[in-house]
>>> print(open('protein-v6.txt').read())   # compact mmCIF, C-alpha atoms
# COMPACT_ATOMS: atom_id res chain seq x y z
CA MET A 1 99.57 202.47 133.72
CA ASP A 2 97.88 199.42 135.17
CA GLN A 3 97.61 197.82 131.74
CA ARG A 4 101.32 198.39 131.04
CA ARG A 5 102.27 196.87 134.40
CA GLU A 6 100.13 193.75 133.73
CA ALA A 7 101.69 193.23 130.26
CA ALA A 8 105.20 193.47 131.71
CA GLU A 9 104.41 190.94 134.43
CA ARG A 10 102.91 188.57 131.85
CA ALA A 11 106.06 188.73 129.73
CA ASP A 12 108.26 188.01 132.76
CA SER A 13 106.18 184.94 133.64
CA ASP A 14 106.51 183.63 130.07
CA ASP A 15 110.29 183.96 130.22
CA ASP A 16 110.45 182.07 133.54
CA ALA A 17 108.30 179.15 132.26
CA PRO A 18 110.20 175.87 131.62
CA ALA A 19 111.04 175.05 128.06
CA THR A 20 109.10 172.22 126.43
CA ALA A 21 110.54 169.28 124.52
CA ALA A 22 109.45 170.84 121.24
CA ASP A 23 111.44 174.01 122.05
CA HIS A 24 114.65 172.03 122.65
CA ALA A 25 114.13 169.67 119.72
CA ALA A 26 117.20 169.36 117.52
CA PRO A 27 116.85 170.68 114.00
CA PRO A 28 116.37 167.95 111.45
CA SER A 29 119.46 166.75 109.68
CA PRO A 30 119.74 166.84 105.91
CA GLU A 31 119.42 163.02 105.80
CA ASP A 32 116.12 163.17 107.70
CA THR A 33 114.70 165.98 105.56
CA PRO A 34 115.52 165.28 101.96
CA GLY A 35 114.12 167.46 99.23
CA GLU A 36 113.93 171.17 98.73
CA HIS A 37 110.36 171.56 99.97
CA THR A 38 111.04 170.05 103.42
CA SER A 39 110.84 172.69 106.13
CA ALA A 40 112.85 172.67 109.33
CA HIS A 41 109.69 173.28 111.32
CA HIS A 42 107.88 170.27 109.72
CA PRO A 43 110.24 167.26 109.55
CA LEU A 44 109.26 164.19 107.43
CA VAL A 45 108.53 161.14 109.63
CA VAL A 46 109.45 157.77 107.94
CA GLN A 47 107.82 154.67 109.50
CA ALA A 48 109.87 151.46 109.63
CA ARG A 49 108.53 148.58 107.52
CA PRO A 50 107.44 145.44 109.41
CA ASP A 51 109.38 142.18 109.20
CA PRO A 52 108.06 140.15 106.21
CA ALA A 53 107.93 137.00 108.36
CA GLN A 54 105.72 138.80 110.87
CA ALA A 55 103.42 139.99 108.12
CA VAL A 56 102.60 136.36 107.12
CA PRO A 57 99.78 134.86 109.21
CA TRP A 58 100.84 132.32 111.82
CA GLY A 59 98.80 129.48 110.31
CA VAL A 60 100.36 130.00 106.88
CA ARG A 61 103.85 129.96 108.39
CA VAL A 62 103.13 126.71 110.22
CA ALA A 63 101.73 125.15 107.03
CA ALA A 64 104.80 126.26 105.07
CA GLU A 65 107.20 124.85 107.69
CA ALA A 66 105.36 121.52 107.71
CA GLY A 67 105.01 121.54 103.92
CA TRP A 68 108.68 121.73 103.01
CA ARG A 69 109.52 119.06 105.59
CA LEU A 70 106.86 116.79 104.11
CA LEU A 71 108.30 117.44 100.65
CA VAL A 72 111.75 116.41 101.88
CA LEU A 73 110.32 113.24 103.43
CA ALA A 74 108.34 112.44 100.28
CA GLY A 75 111.45 112.90 98.15
CA THR A 76 113.44 110.65 100.47
CA VAL A 77 110.78 107.93 100.36
CA TRP A 78 110.58 108.22 96.56
CA VAL A 79 114.34 107.80 96.17
CA LEU A 80 114.30 104.89 98.62
CA MET A 81 111.50 103.17 96.70
CA ARG A 82 113.38 103.65 93.42
CA VAL A 83 116.47 102.04 94.95
CA ILE A 84 114.41 99.15 96.35
CA SER A 85 112.69 98.58 93.01
CA ALA A 86 116.08 98.49 91.28
CA VAL A 87 117.31 95.73 93.63
CA GLN A 88 113.91 94.23 94.36
CA LEU A 89 115.10 90.64 94.04
CA VAL A 90 117.89 91.14 96.59
CA VAL A 91 115.60 92.94 99.04
CA LEU A 92 112.88 90.28 98.86
CA ALA A 93 115.44 87.50 99.21
CA PHE A 94 116.94 89.12 102.30
CA VAL A 95 113.52 89.74 103.85
CA ALA A 96 112.58 86.11 103.17
CA ALA A 97 115.85 85.09 104.85
CA LEU A 98 114.90 87.17 107.89
CA LEU A 99 111.51 85.44 108.09
CA ILE A 100 113.06 81.97 107.74
CA THR A 101 115.72 82.87 110.30
CA ALA A 102 113.04 84.02 112.75
CA LEU A 103 111.39 80.61 112.29
CA LEU A 104 114.57 78.51 112.60
CA GLN A 105 116.59 80.49 115.15
CA PRO A 106 114.80 79.00 118.21
CA THR A 107 115.95 75.56 117.05
CA VAL A 108 119.56 76.75 116.88
CA ALA A 109 119.25 78.24 120.36
CA TRP A 110 117.81 74.95 121.68
CA LEU A 111 120.70 72.95 120.21
CA ARG A 112 123.21 75.42 121.65
CA ARG A 113 121.67 75.04 125.12
CA HIS A 114 122.15 71.27 124.82
CA GLY A 115 125.86 71.55 124.11
CA VAL A 116 125.96 71.52 120.29
CA PRO A 117 128.53 73.99 118.86
CA ARG A 118 127.28 76.94 116.83
CA GLY A 119 128.49 75.64 113.45
CA PRO A 120 126.94 72.15 113.61
CA ALA A 121 123.76 73.56 115.20
CA THR A 122 123.38 76.07 112.36
CA ALA A 123 124.10 73.50 109.64
CA LEU A 124 121.76 70.91 111.13
CA THR A 125 118.90 73.40 111.52
CA ALA A 126 119.32 74.88 108.04
CA ILE A 127 119.54 71.48 106.34
CA LEU A 128 116.50 70.21 108.21
CA GLY A 129 114.47 73.32 107.38
CA PHE A 130 115.37 73.37 103.70
CA VAL A 131 114.78 69.62 103.34
CA VAL A 132 111.29 69.96 104.86
CA MET A 133 110.41 72.86 102.54
CA GLY A 134 111.79 70.99 99.53
CA LEU A 135 109.79 67.87 100.39
CA ILE A 136 106.61 69.93 100.68
CA GLY A 137 107.19 71.45 97.24
CA TRP A 138 108.01 68.09 95.71
CA PHE A 139 104.90 66.48 97.27
CA VAL A 140 102.62 69.20 95.93
CA THR A 141 104.09 68.92 92.43
CA TRP A 142 103.83 65.13 92.51
CA GLN A 143 100.21 65.20 93.63
CA VAL A 144 99.27 67.68 90.90
CA MET A 145 101.00 65.65 88.16
CA GLU A 146 99.45 62.40 89.37
CA ASN A 147 95.92 63.80 89.41
CA ILE A 148 96.02 66.15 86.41
CA ASP A 149 94.43 63.65 83.98
CA ASN A 150 91.73 62.62 86.40
CA LEU A 151 91.15 66.24 87.30
CA SER A 152 90.67 67.29 83.67
CA ASP A 153 88.02 64.59 83.21
CA GLN A 154 86.27 65.62 86.40
CA VAL A 155 86.42 69.29 85.36
CA GLN A 156 84.75 68.43 82.03
CA ASP A 157 82.05 66.42 83.80
CA GLY A 158 81.58 69.25 86.28
CA ILE A 159 81.17 71.78 83.49
CA ASP A 160 78.48 69.60 81.89
CA GLU A 161 76.70 69.26 85.24
CA LEU A 162 76.93 73.01 85.80
CA ARG A 163 75.46 73.62 82.36
CA ASN A 164 72.56 71.26 83.03
CA TRP A 165 71.97 72.90 86.40
CA LEU A 166 71.87 76.36 84.82
CA LEU A 167 69.40 75.17 82.19
CA ASN A 168 67.07 73.76 84.86
CA SER A 169 67.64 76.55 87.40
CA PRO A 170 65.12 79.29 88.22
CA PHE A 171 67.45 81.83 86.59
CA HIS A 172 65.90 81.04 83.16
CA VAL A 173 69.26 80.61 81.42
CA THR A 174 68.86 79.31 77.87
CA ASP A 175 71.14 77.06 75.86
CA LYS A 176 71.77 79.91 73.42
CA GLN A 177 73.07 82.17 76.19
CA ILE A 178 75.42 79.47 77.46
CA ASN A 179 76.78 78.87 73.96
CA GLU A 180 77.24 82.61 73.50
CA ILE A 181 79.25 82.81 76.74
CA ALA A 182 81.44 79.88 75.68
CA LYS A 183 81.98 81.49 72.25
CA ASN A 184 83.04 84.77 73.85
CA LEU A 185 85.51 82.94 76.06
CA ARG A 186 87.05 81.14 73.08
CA GLU A 187 87.33 84.40 71.15
CA ALA A 188 88.94 86.13 74.13
CA VAL A 189 91.52 83.36 74.40
CA GLY A 190 92.19 83.45 70.67
CA ALA A 191 92.57 87.24 70.64
CA ASN A 192 95.06 87.13 73.51
CA THR A 193 97.18 84.28 72.18
CA ASP A 194 100.17 86.56 71.64
CA GLN A 195 99.94 87.92 75.16
CA ILE A 196 99.63 84.41 76.60
CA THR A 197 102.68 83.31 74.60
CA SER A 198 104.71 86.31 75.76
CA ALA A 199 103.60 85.63 79.33
CA GLY A 200 104.86 82.08 78.94
CA LEU A 201 108.21 83.33 77.70
CA GLU A 202 108.37 85.78 80.58
CA GLY A 203 107.60 82.91 82.89
CA VAL A 204 111.03 81.44 82.07
CA THR A 205 112.63 84.66 83.29
CA VAL A 206 110.48 84.57 86.39
CA VAL A 207 111.62 81.00 87.11
CA VAL A 208 115.28 82.02 86.75
CA GLU A 209 114.77 85.00 89.06
CA ALA A 210 112.93 82.80 91.54
CA LEU A 211 115.80 80.31 91.64
CA THR A 212 118.28 83.16 92.11
CA GLY A 213 116.18 84.57 94.94
CA ILE A 214 115.96 81.13 96.58
CA LEU A 215 119.75 80.76 96.52
CA LEU A 216 120.24 84.27 97.94
CA ALA A 217 117.70 83.58 100.68
CA ALA A 218 119.39 80.27 101.55
CA PHE A 219 122.88 81.81 101.86
CA SER A 220 121.52 84.79 103.80
CA THR A 221 119.69 82.45 106.18
CA LEU A 222 122.86 80.47 106.86
CA PHE A 223 124.87 83.56 107.75
CA LEU A 224 122.06 85.09 109.82
CA LEU A 225 121.68 81.89 111.82
CA TYR A 226 125.42 81.51 112.36
CA ASP A 227 126.55 85.13 112.83
CA GLY A 228 123.41 87.17 113.38
CA LYS A 229 124.58 88.77 116.64
CA ARG A 230 127.82 90.12 115.19
CA ILE A 231 126.00 91.34 112.08
CA TRP A 232 123.64 93.31 114.34
CA GLN A 233 126.56 94.76 116.34
CA TRP A 234 128.23 95.87 113.12
CA THR A 235 124.98 97.46 111.94
CA LEU A 236 124.80 99.48 115.17
CA LYS A 237 128.14 101.08 114.31
CA LEU A 238 126.47 102.74 111.30
CA VAL A 239 123.97 104.49 113.58
CA PRO A 240 124.96 107.93 115.00
CA ALA A 241 126.30 107.73 118.54
CA ALA A 242 123.49 109.87 119.96
CA ALA A 243 120.79 107.50 118.63
CA ARG A 244 122.71 104.26 119.20
CA PRO A 245 121.35 103.39 122.68
CA GLY A 246 117.75 103.74 121.53
CA VAL A 247 118.32 101.66 118.39
CA ALA A 248 120.21 99.03 120.41
CA GLY A 249 117.21 98.65 122.68
CA ALA A 250 114.67 98.64 119.84
CA GLY A 251 116.46 95.92 117.85
CA PRO A 252 115.86 92.96 120.20
CA ARG A 253 112.24 93.97 120.70
CA ALA A 254 111.71 94.16 116.93
CA TRP A 255 113.27 90.72 116.54
CA ARG A 256 110.99 89.24 119.23
CA THR A 257 108.00 90.73 117.43
CA LEU A 258 109.10 89.26 114.10
CA THR A 259 109.75 85.85 115.68
CA ALA A 260 106.35 85.84 117.38
CA TYR A 261 104.64 86.82 114.11
CA VAL A 262 106.34 84.10 112.05
CA ARG A 263 105.72 81.38 114.63
CA GLY A 264 102.09 82.38 115.14
CA THR A 265 101.43 82.62 111.40
CA VAL A 266 102.94 79.18 110.78
CA ILE A 267 100.84 77.61 113.54
CA VAL A 268 97.63 79.30 112.35
CA ALA A 269 98.32 78.40 108.71
CA LEU A 270 99.02 74.79 109.66
CA ILE A 271 95.75 74.53 111.60
CA ASP A 272 93.82 76.06 108.67
CA ALA A 273 95.41 73.68 106.19
CA ILE A 274 94.75 70.59 108.32
CA PHE A 275 91.09 71.27 109.07
CA ILE A 276 90.14 72.58 105.61
CA GLY A 277 92.09 69.73 104.02
CA LEU A 278 90.22 67.18 106.14
CA GLY A 279 86.91 68.81 105.25
CA ILE A 280 87.44 68.71 101.49
CA TYR A 281 88.93 65.18 101.78
CA PHE A 282 85.74 63.84 103.38
CA LEU A 283 83.73 65.65 100.68
CA ASP A 284 85.67 63.62 98.05
CA VAL A 285 87.13 66.74 96.45
CA PRO A 286 90.12 65.69 94.32
CA MET A 287 93.66 66.85 95.20
CA ALA A 288 92.73 67.55 98.81
CA VAL A 289 96.37 67.42 99.95
CA PRO A 290 97.72 69.88 97.33
CA LEU A 291 94.82 72.20 98.07
CA ALA A 292 95.67 72.02 101.79
CA VAL A 293 99.28 72.93 101.00
CA PHE A 294 98.10 75.88 98.90
CA ILE A 295 95.91 76.99 101.82
CA PHE A 296 98.96 76.78 104.12
CA LEU A 297 101.12 78.88 101.79
CA PHE A 298 98.45 81.48 101.03
CA ALA A 299 97.81 81.95 104.76
CA PHE A 300 101.03 84.01 104.90
CA ILE A 301 99.20 86.72 102.92
CA PRO A 302 96.75 88.18 105.47
CA LEU A 303 93.09 88.55 104.42
CA VAL A 304 93.76 88.16 100.70
CA GLY A 305 95.42 84.75 100.97
CA ALA A 306 92.54 83.20 102.89
CA VAL A 307 90.01 84.47 100.35
CA VAL A 308 92.01 83.26 97.34
CA SER A 309 92.79 79.80 98.75
CA GLY A 310 89.20 79.31 99.94
CA ALA A 311 87.81 80.36 96.57
CA LEU A 312 90.18 77.95 94.82
CA ALA A 313 88.93 75.05 96.97
CA VAL A 314 85.29 75.99 96.32
CA VAL A 315 85.84 76.22 92.54
CA VAL A 316 87.57 72.83 92.42
CA ALA A 317 84.70 71.31 94.42
CA LEU A 318 82.14 72.96 92.13
CA VAL A 319 83.60 71.75 88.83
CA THR A 320 84.38 68.24 90.10
CA GLN A 321 81.69 67.30 92.63
CA GLY A 322 78.83 69.64 91.91
CA MET A 323 76.92 72.36 93.70
CA PHE A 324 76.32 70.53 97.00
CA ALA A 325 80.01 69.77 97.49
CA ALA A 326 80.88 73.38 96.62
CA VAL A 327 78.42 74.75 99.19
CA MET A 328 79.70 72.39 101.87
CA THR A 329 83.32 73.33 101.04
CA LEU A 330 82.38 76.99 101.38
CA VAL A 331 80.83 76.27 104.79
CA VAL A 332 83.98 74.46 105.96
CA VAL A 333 86.23 77.29 104.76
CA LEU A 334 84.11 79.98 106.41
CA VAL A 335 83.86 78.11 109.74
CA VAL A 336 87.62 77.49 109.92
CA GLN A 337 88.43 81.09 108.98
CA GLN A 338 86.04 82.45 111.60
CA ILE A 339 87.70 80.26 114.24
CA GLU A 340 91.07 81.49 113.02
CA GLY A 341 90.15 85.17 113.13
CA HIS A 342 88.36 85.20 116.50
CA ILE A 343 90.18 82.51 118.49
CA LEU A 344 93.47 81.34 116.99
CA GLN A 345 95.08 84.64 116.02
CA PRO A 346 94.28 86.53 119.26
CA PHE A 347 95.34 83.54 121.37
CA ILE A 348 98.49 82.54 119.45
CA LEU A 349 99.79 85.88 118.18
CA GLY A 350 98.72 87.88 121.23
CA ARG A 351 99.21 91.57 121.73
CA ALA A 352 102.85 91.61 120.64
CA VAL A 353 102.03 91.70 116.94
CA ARG A 354 98.47 93.00 117.00
CA VAL A 355 97.86 95.34 114.07
CA HIS A 356 94.62 97.16 113.28
CA PRO A 357 92.64 95.57 110.39
CA LEU A 358 92.71 98.84 108.45
CA ALA A 359 96.51 98.90 108.72
CA VAL A 360 96.61 95.28 107.53
CA VAL A 361 94.46 96.02 104.47
CA LEU A 362 96.44 99.14 103.51
CA ALA A 363 99.78 97.38 104.09
CA VAL A 364 98.83 94.35 101.99
CA ALA A 365 97.50 96.55 99.18
CA THR A 366 100.60 98.76 99.20
CA GLY A 367 102.98 95.82 99.35
CA GLY A 368 101.15 94.10 96.49
CA MET A 369 101.31 97.20 94.30
CA VAL A 370 105.00 97.78 95.04
CA ALA A 371 106.42 94.25 94.92
CA GLY A 372 103.62 91.84 93.98
CA ILE A 373 103.04 88.72 96.06
CA GLY A 374 106.34 89.06 97.87
CA GLY A 375 105.47 92.59 98.94
CA ALA A 376 102.08 91.46 100.20
CA VAL A 377 103.72 88.71 102.27
CA VAL A 378 106.28 90.97 103.99
CA ALA A 379 103.97 94.01 104.40
CA VAL A 380 102.24 92.97 107.62
CA PRO A 381 105.37 91.81 109.53
CA LEU A 382 107.05 95.03 108.43
CA VAL A 383 104.16 97.06 109.85
CA ALA A 384 104.20 95.03 113.09
CA VAL A 385 107.94 95.51 113.55
CA THR A 386 107.69 99.22 112.73
CA ASN A 387 104.91 99.61 115.28
CA THR A 388 107.08 97.97 117.96
CA VAL A 389 110.14 100.07 117.13
CA VAL A 390 108.24 103.36 117.06
CA GLY A 391 106.52 102.60 120.34
CA TYR A 392 109.80 101.75 122.05
CA LEU A 393 111.63 104.80 120.69
CA ARG A 394 108.78 107.07 121.81
CA ALA A 395 108.91 105.65 125.33
CA TYR A 396 112.72 105.83 125.32
CA SER A 397 112.69 109.49 124.28
CA ARG A 398 110.36 110.28 127.18
CA GLU A 399 112.44 108.40 129.73
CA THR A 400 115.83 109.77 128.64
CA PRO A 401 115.33 113.38 129.93
CA ALA A 402 114.08 111.99 133.24
CA ARG A 403 117.19 109.83 133.62
CA GLN A 404 119.55 112.68 132.68
CA SER A 405 117.88 115.34 134.88
CA PRO A 406 119.58 116.31 138.20
CA LYS A 407 118.47 114.59 141.35
CA PRO A 408 115.71 116.46 143.20
CA ARG A 409 116.38 118.36 146.42
CA GLY A 410 113.88 118.59 149.19
CA ALA A 411 111.40 116.24 150.75
CA THR A 412 109.63 115.11 147.54
CA SER A 413 110.74 114.52 143.99
CA THR A 414 107.73 116.34 142.56
CA ASP A 415 109.17 119.68 143.66
CA ALA A 416 112.27 119.30 141.48
CA SER A 417 112.44 121.09 138.17
CA PRO A 418 115.42 120.48 135.79
CA ALA A 419 115.02 123.96 134.27
CA VAL A 420 115.45 125.83 137.59
CA GLU A 421 118.83 126.04 139.33
CA PRO A 422 118.72 124.86 142.94
CA PRO A 423 119.19 127.61 145.53
CA PRO A 424 122.68 127.88 147.10
CA LYS A 425 123.18 126.42 150.52
CA PRO A 426 123.04 129.00 153.34
CA ALA A 427 126.26 129.86 155.08
CA ALA A 428 124.78 129.21 158.52
CA ALA A 429 124.74 125.77 159.99
CA GLU A 430 120.96 125.77 160.11
CA PRO A 431 119.24 123.44 157.65
CA PRO A 432 117.41 125.12 154.75
CA PRO A 433 113.63 125.46 155.11
CA SER A 434 111.60 122.68 153.56
CA ASP A 435 109.81 123.43 150.26
CA THR A 436 106.97 121.15 151.19
CA SER A 437 105.90 122.90 154.35
CA PRO A 438 102.14 123.23 154.63
CA ALA A 439 100.68 126.55 153.59
>>> encode(input="protein-v6.txt", output="structure tokens")
Amino acid sequence: MDQRREAAERADSDDDAPATAADHAAPPSPEDTPGEHTSAHHPLVVQARPDPAQAVPWGVRVAAEAGWRLLVLAGTVWVLMRVISAVQLVVLAFVAALLITALLQPTVAWLRRHGVPRGPATALTAILGFVVMGLIGWFVTWQVMENIDNLSDQVQDGIDELRNWLLNSPFHVTDKQINEIAKNLREAVGANTDQITSAGLEGVTVVVEALTGILLAAFSTLFLLYDGKRIWQWTLKLVPAAARPGVAGAGPRAWRTLTAYVRGTVIVALIDAIFIGLGIYFLDVPMAVPLAVFIFLFAFIPLVGAVVSGALAVVVALVTQGMFAAVMTLVVVLVVQQIEGHILQPFILGRAVRVHPLAVVLAVATGGMVAGIGGAVVAVPLVAVTNTVVGYLRAYSRETPARQSPKPRGATSTDASPAVEPPPKPAAAEPPPSDTSPA
């Protein structure tokens, strides 16, 4: 009897127990349990697949995002370079006009300040500038033509002296070796006669293109001197409205940088030409004045121009005046270039156009490969201007959010945060508690 009573009480307690979640679970639907072998008591659980973007590692996703943007930029630069190479003459002429305008524009401004109208001031400055450049070119050509016969005789004498010096030098050079070198040179010239002839024919085309570029640069310089401000205002209209204030502020700064670079380069080149020209003149090196003009012109090509012009002066001194004159010319060139690099350029150019030497080397090499001598000339001012523009736009982008942010509330401006809404004013007449109260 006792056992029966205990079994009945146990059954009653099981009936009164609360039902579990498994007991009230809804039977699986046919969609959730496909197949004939799926039982209602054992439903098939299907796990959701992860998002494919989440399955890719974070570093790979960042690399992919940066990669396709770099590809777009590379494609844009490639197309731009193709367009520039197609109209290379026009681009170089316009850039040359910008450089000449940066050199002559202060003269126009000075004449305007003294009451001369814009038209006469522009015409007078342009005529004076082009006449000076034309006279320099004519003087160099005249000096070369006047001294070419004397120079050829001196070169022949210098070659004979160099040969005698090599024969008596401690290098143990024999007459047979010198004759072999001369024979190889003659054979090389004879083998490349066709190429030299074709280069001469191509030189006619180069002269025609050079004259066309000079005319384009002259006309562009006239219009930039006369109407440069309105041309810049029209250019700003092509810029999107959101970026127009930043570009409008970067333009004058870029122009000041370009003007400072051109003026400083002209002054430094003039000093180099004067002192090196005086040095080789006192050493009795022929054509000292044309060599000085070449040194002045090559100074516009940073690093490379100084080396080429100095080497040319040393070679002329070697073949005309002998080894001692060549060594002394080399000493003069090195001393003047050291003074230029450590004193003149930092003092005259200043910090406005200071570019790292590595950037100068890479810019000159890239410009030379893309557009030859013209590209090497305009590479460094382009890098200097780009550096100024990028620096200004970076500072402008940092200052713009600060100018557009709401005014701070409270005792100090450091407690204001543009991302947080200010608390509403209390209804009571009491002033709100200060956020800067001491802890």
>>> residues_around(input="protein-v6.txt", residues="Ile214 in chain A", least_positions_apart="4", cutoff="8 Å", atoms="all atoms listed in the file", output="list in words")
Ala93, Ala210 and Ala218 of chain A
>>> residues_around(input="protein-v6.txt", residues="Leu222 in chain A", least_positions_apart="5", cutoff="10 Å", atoms="all atoms listed in the file", output="list in words")
Ala97, Ile100, Thr101, Gly119, Thr122, Ala123, Thr125, Ala126, Ile127, Ala217, Asp227 and Gly228 of chain A
>>> residues_near_point(input="protein-v6.txt", point="(89.3, 74.1, 98.1)", cutoff="12 Å", atoms="all atoms listed in the file", output="mmCIF file with C-alpha atoms, in the frame of the given file")
data_model
loop_
_atom_site.group_PDB
_atom_site.id
_atom_site.type_symbol
_atom_site.label_atom_id
_atom_site.label_comp_id
_atom_site.auth_asym_id
_atom_site.auth_seq_id
_atom_site.Cartn_x
_atom_site.Cartn_y
_atom_site.Cartn_z
ATOM 1 C CA ASP A 272 93.820 76.060 108.670
ATOM 2 C CA ALA A 273 95.410 73.680 106.190
ATOM 3 C CA PHE A 275 91.090 71.270 109.070
ATOM 4 C CA ILE A 276 90.140 72.580 105.610
ATOM 5 C CA GLY A 277 92.090 69.730 104.020
ATOM 6 C CA LEU A 278 90.220 67.180 106.140
ATOM 7 C CA GLY A 279 86.910 68.810 105.250
ATOM 8 C CA ILE A 280 87.440 68.710 101.490
ATOM 9 C CA TYR A 281 88.930 65.180 101.780
ATOM 10 C CA LEU A 283 83.730 65.650 100.680
ATOM 11 C CA ASP A 284 85.670 63.620 98.050
ATOM 12 C CA VAL A 285 87.130 66.740 96.450
ATOM 13 C CA PRO A 286 90.120 65.690 94.320
ATOM 14 C CA MET A 287 93.660 66.850 95.200
ATOM 15 C CA ALA A 288 92.730 67.550 98.810
ATOM 16 C CA VAL A 289 96.370 67.420 99.950
ATOM 17 C CA PRO A 290 97.720 69.880 97.330
ATOM 18 C CA LEU A 291 94.820 72.200 98.070
ATOM 19 C CA ALA A 292 95.670 72.020 101.790
ATOM 20 C CA VAL A 293 99.280 72.930 101.000
ATOM 21 C CA PHE A 294 98.100 75.880 98.900
ATOM 22 C CA ILE A 295 95.910 76.990 101.820
ATOM 23 C CA PHE A 296 98.960 76.780 104.120
ATOM 24 C CA ALA A 306 92.540 83.200 102.890
ATOM 25 C CA VAL A 307 90.010 84.470 100.350
ATOM 26 C CA VAL A 308 92.010 83.260 97.340
ATOM 27 C CA SER A 309 92.790 79.800 98.750
ATOM 28 C CA GLY A 310 89.200 79.310 99.940
ATOM 29 C CA ALA A 311 87.810 80.360 96.570
ATOM 30 C CA LEU A 312 90.180 77.950 94.820
ATOM 31 C CA ALA A 313 88.930 75.050 96.970
ATOM 32 C CA VAL A 314 85.290 75.990 96.320
ATOM 33 C CA VAL A 315 85.840 76.220 92.540
ATOM 34 C CA VAL A 316 87.570 72.830 92.420
ATOM 35 C CA ALA A 317 84.700 71.310 94.420
ATOM 36 C CA LEU A 318 82.140 72.960 92.130
ATOM 37 C CA VAL A 319 83.600 71.750 88.830
ATOM 38 C CA THR A 320 84.380 68.240 90.100
ATOM 39 C CA GLN A 321 81.690 67.300 92.630
ATOM 40 C CA ALA A 325 80.010 69.770 97.490
ATOM 41 C CA ALA A 326 80.880 73.380 96.620
ATOM 42 C CA VAL A 327 78.420 74.750 99.190
ATOM 43 C CA MET A 328 79.700 72.390 101.870
ATOM 44 C CA THR A 329 83.320 73.330 101.040
ATOM 45 C CA LEU A 330 82.380 76.990 101.380
ATOM 46 C CA VAL A 331 80.830 76.270 104.790
ATOM 47 C CA VAL A 332 83.980 74.460 105.960
ATOM 48 C CA VAL A 333 86.230 77.290 104.760
ATOM 49 C CA LEU A 334 84.110 79.980 106.410
#
>>> closest_residue(input="protein-v6.txt", among="A:Val239, A:Leu303, A:Val268, A:Leu92", to="Pro346 in chain A", atoms="only C-alpha atoms")
A:Val268
>>> closest_residue(input="protein-v6.txt", among="A:Leu162, A:Leu89, A:Ile301, A:Ile136", to="Val208 in chain A", atoms="only C-alpha atoms")
A:Leu89
>>> build_atoms(input="protein-v6.txt", residues="range 238-250 of chain A", atoms="N, CA and C atoms", output="mmCIF file, in the coordinates of the input")
data_model
loop_
_atom_site.group_PDB
_atom_site.id
_atom_site.type_symbol
_atom_site.label_atom_id
_atom_site.label_comp_id
_atom_site.auth_asym_id
_atom_site.auth_seq_id
_atom_site.Cartn_x
_atom_site.Cartn_y
_atom_site.Cartn_z
ATOM 1 N N LEU A 238 126.881 101.794 112.337
ATOM 2 C CA LEU A 238 126.470 102.740 111.300
ATOM 3 C C LEU A 238 125.499 103.790 111.811
ATOM 4 N N VAL A 239 124.947 103.566 113.004
ATOM 5 C CA VAL A 239 123.970 104.490 113.580
ATOM 6 C C VAL A 239 124.729 105.590 114.322
ATOM 7 N N PRO A 240 124.292 106.860 114.237
ATOM 8 C CA PRO A 240 124.960 107.930 115.000
ATOM 9 C C PRO A 240 125.007 107.603 116.485
ATOM 10 N N ALA A 241 126.071 108.076 117.138
ATOM 11 C CA ALA A 241 126.300 107.730 118.540
ATOM 12 C C ALA A 241 125.161 108.197 119.437
ATOM 13 N N ALA A 242 124.563 109.354 119.118
ATOM 14 C CA ALA A 242 123.490 109.870 119.960
ATOM 15 C C ALA A 242 122.254 108.978 119.925
ATOM 16 N N ALA A 243 121.983 108.352 118.771
ATOM 17 C CA ALA A 243 120.790 107.500 118.630
ATOM 18 C C ALA A 243 121.093 106.036 118.843
ATOM 19 N N ARG A 244 122.349 105.674 119.102
ATOM 20 C CA ARG A 244 122.710 104.260 119.200
ATOM 21 C C ARG A 244 122.074 103.538 120.371
ATOM 22 N N PRO A 245 122.002 104.131 121.577
ATOM 23 C CA PRO A 245 121.350 103.390 122.680
ATOM 24 C C PRO A 245 119.887 103.062 122.412
ATOM 25 N N GLY A 246 119.153 104.011 121.835
ATOM 26 C CA GLY A 246 117.750 103.740 121.530
ATOM 27 C C GLY A 246 117.587 102.652 120.496
ATOM 28 N N VAL A 247 118.402 102.682 119.433
ATOM 29 C CA VAL A 247 118.320 101.660 118.390
ATOM 30 C C VAL A 247 118.748 100.300 118.944
ATOM 31 N N ALA A 248 119.767 100.292 119.810
ATOM 32 C CA ALA A 248 120.210 99.030 120.410
ATOM 33 C C ALA A 248 119.131 98.400 121.266
ATOM 34 N N GLY A 249 118.309 99.209 121.917
ATOM 35 C CA GLY A 249 117.210 98.650 122.680
ATOM 36 C C GLY A 249 116.023 98.255 121.830
ATOM 37 N N ALA A 250 115.807 98.963 120.710
ATOM 38 C CA ALA A 250 114.670 98.640 119.840
ATOM 39 C C ALA A 250 114.909 97.386 119.013
#
